[in-house]
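Quick notes on the structure that follows.
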4 protein chains.
Amino acid sequence: MSSSYGKNLRISIFGQSHGQMIGAVIDGLPVGEEIDLSALQKFVDRRSPGRDEYSTARQERDRVEIVSGLYQGKTCGAPLCLLIANSDTRSHDYEQLRDIPRPGHADYSAKVRYHEYNDPRGGGHFSGRLTAPLTAAGGICLQILARRGITVGAHLWSIGGEKDAPIADNCLNPQLLMDFSVKDFPVFDNAAGERMQQEIRSAKEAGDSVGGVIEVFAIGVPAGLGSPMFDGVENRISAAMFAIPAVKGIEFGSGFAAASMHGSEHNDAFYFVDGRITTMSNHHGGILGGITSGMPLIFRAAIKPTPSISQPQATLNTKTMAQTQLAIKGRHDPCIVQRALPCLEAVTGFVLLDLLLDSEYQSIN
Amino acid sequence: MSSSYGKNLRISIFGQSHGQMIGAVIDGLPVGEEIDLSALQKFVDRRSPGRDEYSTARQERDRVEIVSGLYQGKTCGAPLCLLIANSDTRSHDYEQLRDIPRPGHADYSAKVRYHEYNDPRGGGHFSGRLTAPLTAAGGICLQILARRGITVGAHLWSIGGEKDAPIADNCLNPQLLMDFSVKDFPVFDNAAGERMQQEIRSAKEAGDSVGGVIEVFAIGVPAGLGSPMFDGVENRISAAMFAIPAVKGIEFGSGFAAASMHGSEHNDAFYFVDGRITTMSNHHGGILGGITSGMPLIFRAAIKPTPSISQPQATLNTKTMAQTQLAIKGRHDPCIVQRALPCLEAVTGFVLLDLLLDSEYQSIN
Amino acid sequence: MSSSYGKNLRISIFGQSHGQMIGAVIDGLPVGEEIDLSALQKFVDRRSPGRDEYSTARQERDRVEIVSGLYQGKTCGAPLCLLIANSDTRSHDYEQLRDIPRPGHADYSAKVRYHEYNDPRGGGHFSGRLTAPLTAAGGICLQILARRGITVGAHLWSIGGEKDAPIADNCLNPQLLMDFSVKDFPVFDNAAGERMQQEIRSAKEAGDSVGGVIEVFAIGVPAGLGSPMFDGVENRISAAMFAIPAVKGIEFGSGFAAASMHGSEHNDAFYFVDGRITTMSNHHGGILGGITSGMPLIFRAAIKPTPSISQPQATLNTKTMAQTQLAIKGRHDPCIVQRALPCLEAVTGFVLLDLLLDSEYQSIN
Amino acid sequence: MSSSYGKNLRISIFGQSHGQMIGAVIDGLPVGEEIDLSALQKFVDRRSPGRDEYSTARQERDRVEIVSGLYQGKTCGAPLCLLIANSDTRSHDYEQLRDIPRPGHADYSAKVRYHEYNDPRGGGHFSGRLTAPLTAAGGICLQILARRGITVGAHLWSIGGEKDAPIADNCLNPQLLMDFSVKDFPVFDNAAGERMQQEIRSAKEAGDSVGGVIEVFAIGVPAGLGSPMFDGVENRISAAMFAIPAVKGIEFGSGFAAASMHGSEHNDAFYFVDGRITTMSNHHGGILGGITSGMPLIFRAAIKPTPSISQPQATLNTKTMAQTQLAIKGRHDPCIVQRALPCLEAVTGFVLLDLLLDSEYQSIN
């Protein structure tokens, strides 16, 4: 039951990196929603490989095809199934890895879990390729949210040691979110972006890789979404976000920085401004007691450096138990943070729509 | 559906801070497990108020009573219900807060969510008191895990700006975990612990509060637990951990630090040592591809500073929309990090037992 | 995970027949709902033992106590926990049964499932006593449904071979439902009721027991509840109804009789009467394609004869594998059908409220 | 969330009758299981239209294609997706029905539920065509169960008023089950089968349709599957079985007949025969207290007569609210009972495999 998620909206992801097809089924979408397929394709293309000089040279384009759930272009209540065909797969690159687990990859743990039956080709179901249908599914949700006044965006908070400029508290607007999200390198500060790209170039030249942090914003989120304890917005978002391979941490609002703050500094005072209750600062990241406050939802996710590097690494032959050296051949991204960014937006969209459809929330409105 | 969680093991938490009783129902516990009630009470007492000079003076003792699910002292397959009676509640302290939301608390978002029907007394269902049954439920799981060779422990990674000494990679053992977990101030470095306590004292004197970070370890966890995508160990732990009020971030292994590392540095090489496959470093925190690797499970959670402080704060009367000043009276913890620690251990225990009971995992063993 | 159920509304039942307490937690109730405790107690008393000459002489009264989830008498959003204390239990009656499974009871299958750890006292968690908290939980739902114009009632369709008069199609009204449901012997035709009671008396005199069929109606149910395939109203009701021990069959509308009918006879024609779309006949039982049609919801459940009888029965000593004779002593109902009736109403209420809270349903209204 | 189901094994069905594709995703299958695609296709063909003179003339063959979840022909742990392309659809047959709901169909309730967005072509997601992927998914489970010694079969208990011969208690064996299940007309008594076929012919000639009852057996099911209350085998099977359109009732063991029996007659005595505990009679249908007893699992489902008939029927134009006559054109089955039979076997297989994978069950073995 690894690959399905959601309460009111239910997603089921399927496929392996080098199998015939990957895809997703989404059950529970509101009806009568028009899906802009061309905009959806553009959104999914933002995570596609081969878009820039830093990404893997694999030329595959993830063409999304919707085979059910629509009638006359609109959601009709039946589950929506989207398919993406695999192509341009070079399985022989991976054959050597059956008994030689790549450090930092799921090869070893997957083999313990699924024995010799695990599909080793390109990471199988563990591959980052599975984020393509996830991104497509979430992209559909983002289109539906936009009609309800909710906009999700993200920027590269940091790559390696290089940090983007912070956004000023409380000055987010939908157009701004859109603008920086769609950049090839979604940063506020282009000079910082240039330094980040230099980090990636250096890693690539060294046959190495580098990680980063993505910051996600959602604005227009109404107050009152989510529930206390296990069904809070933080629980739901984090439960979904770790589905993206390479995510190793998540923090909401001030997050880990809050641990060094005093209450007098961290507490966000309430004000009545322009006819609505708000806070000036947003240390709480738009969530109090698991429930949205109406302030922008803000969180950051840590992305570890891509484990596939061409530098030789020490590892083990798990058949002979002899130590060995592994130099991973083939095409690999020195950094996947910029490609992961639309996927984080997508997953956020999925979770927010699921929360919006929540019966308890609906019954209060 | 806010307050139930789990797949094979299902927990349901109930109660309000100043209601008659709080408690939990746990469904799906393995049968034939003896519960040591005295050890369980001691474990729950570790989170109780009034244990040290820093904690709230509320003298209540959380006496755990198990009213179902046992037969002749052992789990019998029927759901286990545990009850904790509330007493020593001073509801009048909170009456003024109905229309004056405390900054950093759930008062405002809860009122949007549940209107005037929300129980405002002591935070109602949002209160940290609800972690008492959660701790008790998880404590039962920890007893069961111990029989399977799994030990969970935690230390105070930091309070305010003061940090504990790190643990050397790969040198954890069950006795060590137990030893530091049960300390009043669970740190490796007592001098650092003294500095942390000074942080708390200073905050208290200033009518303020301070946050911190807790690091949790689980050793003896077998490789192969968890599933890819939405059912990974990170998804499950984070989904549960944000049930603890004040948790605002979580990171596994190197976590956010991984974002600044190179792949060559972050990847943990595999070795064959003492008859088993292992890694020397543990940047992956014991989880690869959502599945345990057999290495110690390591994660950290950020705890925000207690929002209840006695310093006057700006807030709003949500009835009149007039700005006002609020000085929270009553007894409040200047720091809840040390009290939250056993609760994090407990929730970890609950999630690990749920994962251990997973059918897919069981069918491979 | 045996004893929890529901999607938007989640119920968790706990307790054993001779344990300290039995009870239920309900999570997800709409807020602001006043619970009439006295009416609830009266409702639960309808299933209590010792109410008439045919029921077991065990004098216990199931006093329902609500210990959480209410604030100022109204649901507040926190999970509601209700407790019923056990008393007047004579455990020694059951000790002999540990190795001698009673025919028709769960003794044998429970022992395979939970080994020697299963609580054998009075049937443990398998006991009909567990329908007391189920009835109380559903009774709360029925109060909430009544405010939304939905009324649930039931009559004894048959006891042994004796059948009640049928209700005329389309002539149900709330007052009628109430009237016959609250009778000690809820039948339309009192003469038939007298014959049923004679069946029970005869069974009792013979040291035997007798089964029956209960017919449940729900009126005022809006059209559009439920979903196709696995989430239909029939799926949901049947999934819940088999939680009541002794239920062995369920049929909706014409049910099994439909299997002998022609389409031209079974299809219910649509008409526009009194400003609303309706059907004259109701062979579909108010459900088409899993979704309510707005017509009265009608179903019947078959209740097997109580397995506990005082006549000697052949069985096995599962320790020695020797055949033996068993004469069950103690107090036993010759017929539990009339006591099960309010429980069926209650479970219907629970499922209907869960469906009413369904997000997809809500979003269409 | 209408179209997904299961606990350990999770199925998600998608598609509309006249859409591009229908299919299913199954998550949680045990790994290393070889799928015999040719046998699977043969199994699915048993429900295909156009197989005999009584079924609709629509010539479509449901060719099952598996696009994920296999590696080298065996299940690999990744979710399995199967697709069936739609073809030979004549949508214009159905256009007239948009505002004229067919009696006995979901047209009206679906329109209330999903408004004008519901796909009306051929019944959309409500169509019996959706049982094709359901049958395929369950067929995979049946292959896996067969390796574990569990065989599922079914016969036509009745069509219209004509009944098949009963099977003698306790004399089922796997070969017998296979033999009668694969017949075009799966009956024990061929003379009774001939009478049933005459019923269908008569209905067809009259432009009418006829219903029936299917009896399903599962043998080799180990004792100890299932849980008390909401997670019993009866709850699970019935919750899944009503996903098949036209099922209006279900009964286990003696079912509704039990309601007229005495306990002394209905209770199945335990015996020790051939080294195992068993019962001679099987009124309990292999389930006691929600848990399997090791005896054959037996249940019957009532199938209503196909609502599509060519006789003119009274109905309503829901736009104008004028009464009208409707004569449904196109190709329709006068009886779908024989086509539904493999689907009932398939769903039984799915539920049994899900139960077999249950952690609590596994932990006892």
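Letters A, B, ... go to the chains of the structure tokens in the order shown; residues in each chain start at 1; ligands are counted from 1 in the same order.
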Review point. What's the 9 Å shell around B:Asp354, counting only C-alpha atoms, without same-chain residues fewer than 5 positions away, as a PyMOL selection string?
Key: chain B and resi 6-10+28-29+349
Would you save the residues from that selection as a CSV table (one decimal), in the first residue's frame, using C-alpha atoms?
chain,number,residue,atom,x,y,z
B,6,GLY,CA,-2.2,4.2,12.0
B,7,LYS,CA,-2.6,1.4,9.6
B,8,ASN,CA,-2.2,-2.0,11.3
B,9,LEU,CA,-2.1,-0.5,14.7
B,10,ARG,CA,-4.8,2.2,15.1
B,28,GLY,CA,-4.4,-4.0,16.6
B,29,LEU,CA,-1.8,-4.7,19.3
B,349,GLY,CA,7.5,3.5,19.2
Contacts of chain C with chain B up to 7 Å, shortest pair per row, only C-alpha atoms, as CSV:
residue,atom,partner,partner_atom,distance
C:Met1,CA,B:Gly28,CA,4.9
C:Asn8,CA,B:Met1,CA,6.3
C:Leu9,CA,B:Met1,CA,6.5
C:Arg10,CA,B:Met1,CA,6.3
C:Phe14,CA,B:Pro79,CA,5.2
C:Gly15,CA,B:Ser68,CA,4.9
C:Gln16,CA,B:Ser68,CA,6.6
C:Gly19,CA,B:Ser68,CA,6.2
C:Gln20,CA,B:Val67,CA,5.3
C:Met21,CA,B:Val67,CA,5.6
C:Asp27,CA,B:Met1,CA,5.2
C:Gly28,CA,B:Met1,CA,4.8
C:Val31,CA,B:Tyr117,CA,6.4
C:Gly32,CA,B:Tyr117,CA,5.5
C:Val67,CA,B:Gln20,CA,5.4
C:Ser68,CA,B:Gly15,CA,4.9
C:Gly69,CA,B:Gly15,CA,6.5
C:Tyr71,CA,B:Asp119,CA,5.7
C:Cys76,CA,B:Asn118,CA,4.8
C:Gly77,CA,B:Tyr114,CA,6.3
C:Ala78,CA,B:His125,CA,5.7
C:Pro79,CA,B:Phe14,CA,5.2
C:Leu80,CA,B:Phe14,CA,6.8
C:Cys81,CA,B:Phe14,CA,6.7
C:Tyr114,CA,B:Gly77,CA,6.3
C:Tyr117,CA,B:Cys76,CA,4.9
C:Asn118,CA,B:Cys76,CA,4.8
C:Asp119,CA,B:Tyr71,CA,5.7
C:His125,CA,B:Ala78,CA,5.7
Prev. selection, N, CA and C atoms, output as a compact mmCIF listing (two decimals), in the first residue's frame:
# COMPACT_ATOMS: atom_id res chain seq x y z
N MET C 1 -7.18 -4.08 13.80
CA MET C 1 -8.00 -2.97 13.31
C MET C 1 -9.42 -3.40 13.13
N ASN C 8 -15.75 9.77 7.26
CA ASN C 8 -15.75 11.12 7.80
C ASN C 8 -15.99 11.08 9.30
N LEU C 9 -16.85 10.18 9.66
CA LEU C 9 -17.16 9.93 11.05
C LEU C 9 -16.43 8.63 11.37
N ARG C 10 -15.66 8.60 12.42
CA ARG C 10 -14.88 7.40 12.70
C ARG C 10 -15.27 6.89 14.08
N PHE C 14 -14.53 -0.44 22.01
CA PHE C 14 -13.60 -1.20 22.83
C PHE C 14 -14.32 -1.92 23.97
N GLY C 15 -13.62 -2.87 24.57
CA GLY C 15 -14.16 -3.54 25.74
C GLY C 15 -14.41 -5.02 25.53
N GLN C 16 -14.51 -5.72 26.64
CA GLN C 16 -14.87 -7.13 26.63
C GLN C 16 -16.07 -7.34 27.56
N GLY C 19 -15.02 -7.41 31.11
CA GLY C 19 -13.93 -6.52 31.50
C GLY C 19 -14.46 -5.36 32.32
N GLN C 20 -13.61 -4.38 32.57
CA GLN C 20 -14.01 -3.29 33.46
C GLN C 20 -15.02 -2.36 32.80
N MET C 21 -14.73 -2.02 31.55
CA MET C 21 -15.60 -1.07 30.85
C MET C 21 -15.69 -1.42 29.38
N ASP C 27 -15.17 10.11 16.35
CA ASP C 27 -14.38 11.26 15.91
C ASP C 27 -15.01 11.80 14.64
N GLY C 28 -15.21 13.10 14.59
CA GLY C 28 -15.71 13.71 13.37
C GLY C 28 -17.17 14.14 13.41
N VAL C 31 -20.08 19.86 14.78
CA VAL C 31 -20.02 20.62 16.04
C VAL C 31 -21.34 21.35 16.31
N GLY C 32 -21.51 21.70 17.58
CA GLY C 32 -22.69 22.48 17.97
C GLY C 32 -23.95 21.64 18.13
N VAL C 67 -17.58 11.14 28.49
CA VAL C 67 -16.48 11.76 29.25
C VAL C 67 -15.64 12.73 28.43
N SER C 68 -15.95 12.88 27.16
CA SER C 68 -15.24 13.88 26.35
C SER C 68 -16.05 14.22 25.12
N GLY C 69 -15.68 15.31 24.48
CA GLY C 69 -16.30 15.66 23.21
C GLY C 69 -17.44 16.64 23.31
N TYR C 71 -18.93 20.27 25.17
CA TYR C 71 -18.65 21.48 25.93
C TYR C 71 -19.98 22.20 26.08
N CYS C 76 -18.16 19.60 20.50
CA CYS C 76 -17.22 20.72 20.37
C CYS C 76 -16.12 20.47 19.36
N GLY C 77 -16.18 19.34 18.63
CA GLY C 77 -15.14 19.06 17.64
C GLY C 77 -14.12 18.05 18.13
N ALA C 78 -13.96 17.94 19.44
CA ALA C 78 -13.07 16.93 20.00
C ALA C 78 -13.78 15.57 19.96
N PRO C 79 -13.03 14.48 19.80
CA PRO C 79 -13.66 13.16 19.77
C PRO C 79 -14.49 12.91 21.02
N LEU C 80 -15.65 12.30 20.82
CA LEU C 80 -16.55 11.99 21.93
C LEU C 80 -16.27 10.58 22.41
N CYS C 81 -16.02 10.43 23.70
CA CYS C 81 -15.84 9.10 24.27
C CYS C 81 -16.99 8.80 25.20
N TYR C 114 -6.59 -15.71 18.12
CA TYR C 114 -5.90 -15.03 19.21
C TYR C 114 -5.28 -15.99 20.21
N TYR C 117 -4.72 -16.34 24.34
CA TYR C 117 -4.80 -14.99 24.91
C TYR C 117 -6.19 -14.40 24.81
N ASN C 118 -7.03 -14.97 23.95
CA ASN C 118 -8.40 -14.49 23.80
C ASN C 118 -9.11 -14.50 25.16
N ASP C 119 -9.85 -13.44 25.44
CA ASP C 119 -10.60 -13.35 26.69
C ASP C 119 -11.86 -14.20 26.55
N HIS C 125 -14.53 -9.85 23.57
CA HIS C 125 -14.83 -8.76 22.65
C HIS C 125 -15.85 -9.19 21.60
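One finds atom CA of B:Met178 at 21.4 Å from atom CA of B:Leu356.
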Exercise for review: Would you mind listing what lies within 7 Å of A:Arg46 as a PyMOL selection string, with only C-alpha atoms counted and same-chain residues fewer than 2 positions away left out?
Suggested key: chain A and resi 42-44+48+339+342
Take the residues from that selection and put them in a file with C-alpha atoms, as a short mmCIF file (atom, residue, chain, number, x, y, z; two decimals), in the first residue's frame.
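And here's out-v1.cif as it stands now:
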data_model
loop_
_atom_site.label_atom_id
_atom_site.label_comp_id
_atom_site.auth_asym_id
_atom_site.auth_seq_id
_atom_site.Cartn_x
_atom_site.Cartn_y
_atom_site.Cartn_z
CA LYS A 42 3.82 22.86 -19.64
CA PHE A 43 3.72 22.44 -15.88
CA VAL A 44 4.94 18.85 -16.08
CA SER A 48 11.37 17.04 -17.27
CA ARG A 339 13.58 19.79 -11.16
CA PRO A 342 7.39 21.86 -9.48
#
Review point. Hey, what's within 12 Å of C:Glu345 if we count only C-alpha atoms and toss same-chain stuff fewer than 6 positions away? As a PyMOL selection string, please?
Key: chain C and resi 43-44+46-47+131+134-143+145+151-155+177-178+181-182+214-218+237+240-241+244+298-301+338-339+351-352
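Neighbours of stretch 271-276 of chain D closer than or equal to 7 Å, with only C-alpha atoms counted and sequence neighbours fewer than 5 positions away skipped, come out as Thr315, Leu316, Met321 and Gln323 of chain C.
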Now that the selection is made, can you save its residues with C-alpha atoms as a PDB file, in the first residue's frame?
ATOM      1  CA  THR C 315     -18.907 -30.673  20.549  1.00  0.00           C
ATOM      2  CA  LEU C 316     -15.221 -31.293  20.991  1.00  0.00           C
ATOM      3  CA  MET C 321      -9.854 -33.985  20.786  1.00  0.00           C
ATOM      4  CA  GLN C 323     -16.096 -35.673  21.550  1.00  0.00           C
TER       5      GLN C 323
END
Exercise for review: Identify, on the basis of only C-alpha atoms, every residue whose closest approach to B:Gly104 does not exceed 8 Å; exclude the query and any residue fewer than 4 positions from it along the same chain; express the result as a list in words.
Suggested key: His266, Asn267, Asp268, Ala269, His284 and Leu288 of chain A; Pro307 and Ser308 of chain B
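Coordinates place atom CA of A:Arg236 at a distance of 27.5 Å from atom CA of B:Leu83.
Of note, atom CA of C:Ser254 and atom CA of C:Pro305 are spaced 23.3 Å apart.
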Exercise for review: Just the alpha helix (DSSP H) stuff from stretch 152-249 of chain A, please, per backbone DSSP, written as a ChimeraX atom specification.
Suggested key: /A:174-181,190-205,233-241
Keeping only N, CA and C atoms, take the residues you just selected and write them out as a CSV table (one decimal), in the first residue's frame.
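Final output, saved to selection.csv:
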chain,number,residue,atom,x,y,z
A,174,PRO,N,-0.2,36.6,-5.7
A,174,PRO,CA,-0.3,35.5,-6.7
A,174,PRO,C,0.7,35.8,-7.9
A,175,GLN,N,0.7,37.0,-8.4
A,175,GLN,CA,1.5,37.2,-9.7
A,175,GLN,C,2.9,37.0,-9.4
A,176,LEU,N,3.4,37.5,-8.2
A,176,LEU,CA,4.8,37.3,-7.9
A,176,LEU,C,5.2,35.8,-7.8
A,177,LEU,N,4.2,35.0,-7.1
A,177,LEU,CA,4.5,33.6,-7.0
A,177,LEU,C,4.6,32.9,-8.4
A,178,MET,N,3.7,33.2,-9.2
A,178,MET,CA,3.7,32.7,-10.6
A,178,MET,C,5.0,33.1,-11.3
A,179,ASP,N,5.4,34.3,-11.2
A,179,ASP,CA,6.6,34.8,-11.9
A,179,ASP,C,7.8,34.1,-11.6
A,180,PHE,N,8.1,33.9,-10.3
A,180,PHE,CA,9.4,33.3,-10.0
A,180,PHE,C,9.3,31.8,-10.1
A,181,SER,N,8.1,31.2,-9.9
A,181,SER,CA,8.0,29.8,-10.0
A,181,SER,C,8.4,29.2,-11.4
A,190,ASN,N,18.7,37.1,-8.7
A,190,ASN,CA,19.4,36.5,-9.8
A,190,ASN,C,20.9,36.3,-9.6
A,191,ALA,N,21.5,37.2,-8.9
A,191,ALA,CA,22.9,37.1,-8.6
A,191,ALA,C,23.2,35.8,-7.7
A,192,ALA,N,22.3,35.7,-6.7
A,192,ALA,CA,22.4,34.4,-5.9
A,192,ALA,C,22.2,33.2,-6.8
A,193,GLY,N,21.2,33.3,-7.7
A,193,GLY,CA,20.9,32.2,-8.7
A,193,GLY,C,22.2,31.9,-9.5
A,194,GLU,N,22.9,32.9,-9.9
A,194,GLU,CA,24.1,32.7,-10.6
A,194,GLU,C,25.2,31.9,-9.8
A,195,ARG,N,25.3,32.3,-8.5
A,195,ARG,CA,26.2,31.6,-7.6
A,195,ARG,C,25.8,30.1,-7.4
A,196,MET,N,24.5,29.9,-7.3
A,196,MET,CA,23.9,28.5,-7.2
A,196,MET,C,24.3,27.7,-8.4
A,197,GLN,N,24.1,28.3,-9.6
A,197,GLN,CA,24.4,27.6,-10.8
A,197,GLN,C,25.9,27.2,-10.9
A,198,GLN,N,26.8,28.1,-10.3
A,198,GLN,CA,28.2,27.9,-10.3
A,198,GLN,C,28.5,26.7,-9.4
A,199,GLU,N,27.7,26.6,-8.3
A,199,GLU,CA,27.9,25.4,-7.4
A,199,GLU,C,27.6,24.1,-8.1
A,200,ILE,N,26.5,24.1,-8.9
A,200,ILE,CA,26.2,22.9,-9.7
A,200,ILE,C,27.2,22.6,-10.7
A,201,ARG,N,27.7,23.6,-11.4
A,201,ARG,CA,28.7,23.4,-12.4
A,201,ARG,C,30.0,22.8,-11.8
A,202,SER,N,30.4,23.3,-10.7
A,202,SER,CA,31.6,22.8,-10.0
A,202,SER,C,31.4,21.3,-9.6
A,203,ALA,N,30.2,21.0,-9.1
A,203,ALA,CA,29.9,19.6,-8.7
A,203,ALA,C,30.0,18.8,-9.9
A,204,LYS,N,29.4,19.2,-11.0
A,204,LYS,CA,29.4,18.4,-12.2
A,204,LYS,C,30.8,18.1,-12.7
A,205,GLU,N,31.6,19.2,-12.7
A,205,GLU,CA,33.0,19.0,-13.2
A,205,GLU,C,33.7,18.0,-12.3
A,233,VAL,N,-2.5,20.2,9.1
A,233,VAL,CA,-1.9,20.6,7.8
A,233,VAL,C,-0.5,20.2,7.7
A,234,GLU,N,0.3,20.3,8.8
A,234,GLU,CA,1.7,19.9,8.8
A,234,GLU,C,1.8,18.4,8.7
A,235,ASN,N,1.0,17.6,9.4
A,235,ASN,CA,1.0,16.2,9.2
A,235,ASN,C,0.7,15.8,7.8
A,236,ARG,N,-0.3,16.4,7.2
A,236,ARG,CA,-0.7,16.0,5.9
A,236,ARG,C,0.4,16.3,4.8
A,237,ILE,N,0.9,17.5,4.9
A,237,ILE,CA,1.9,18.0,3.9
A,237,ILE,C,3.1,17.1,4.1
A,238,SER,N,3.6,16.9,5.3
A,238,SER,CA,4.9,16.2,5.5
A,238,SER,C,4.7,14.7,5.0
A,239,ALA,N,3.5,14.1,5.4
A,239,ALA,CA,3.3,12.7,5.0
A,239,ALA,C,3.3,12.6,3.5
A,240,ALA,N,2.9,13.6,2.7
A,240,ALA,CA,2.9,13.5,1.3
A,240,ALA,C,4.3,13.9,0.7
A,241,MET,N,4.9,14.8,1.3
A,241,MET,CA,6.2,15.4,0.7
A,241,MET,C,7.3,14.4,0.7
Exercise for review: Within stretch 180-364 of chain C, find each residue whose DSSP state, derived from the backbone, is strand (DSSP E), and express the selection as number ranges by chain.
Suggested key: C: 212-219, 247-252, 270-273, 276-279, 287-288, 291-292, 297-303, 313-316, 323-326
Point to revise | Shell around B:Gly263 at 8 Å using only C-alpha atoms, local window under 5 positions removed, as a list of chain:residue names | key: A:Asp208, A:Ser209, A:Val210, A:Gly211, A:Lys304, A:Pro305, A:Thr306, A:Pro307, A:Ser308, A:Ile309
Limited to C-alpha atoms, could you put the picked residues into a file as an mmCIF file, in the first residue's frame?
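Result written to part_20.cif:
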data_model
loop_
_atom_site.group_PDB
_atom_site.id
_atom_site.type_symbol
_atom_site.label_atom_id
_atom_site.label_comp_id
_atom_site.auth_asym_id
_atom_site.auth_seq_id
_atom_site.Cartn_x
_atom_site.Cartn_y
_atom_site.Cartn_z
ATOM 1 C CA ASP A 208 29.899 15.022 -7.880
ATOM 2 C CA SER A 209 26.438 16.321 -6.970
ATOM 3 C CA VAL A 210 24.895 18.918 -4.690
ATOM 4 C CA GLY A 211 21.685 19.316 -2.680
ATOM 5 C CA LYS A 304 19.832 15.698 -0.353
ATOM 6 C CA PRO A 305 22.523 15.682 -3.050
ATOM 7 C CA THR A 306 21.731 13.269 -5.902
ATOM 8 C CA PRO A 307 23.234 9.942 -4.854
ATOM 9 C CA SER A 308 24.266 9.011 -8.417
ATOM 10 C CA ILE A 309 27.738 10.443 -8.958
#
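The residue that comes closest to B:Ile291, out of A:Ser109, A:Ser260, A:Ser87, A:Ser310 and on the basis of only C-alpha atoms, is A:Ser109.
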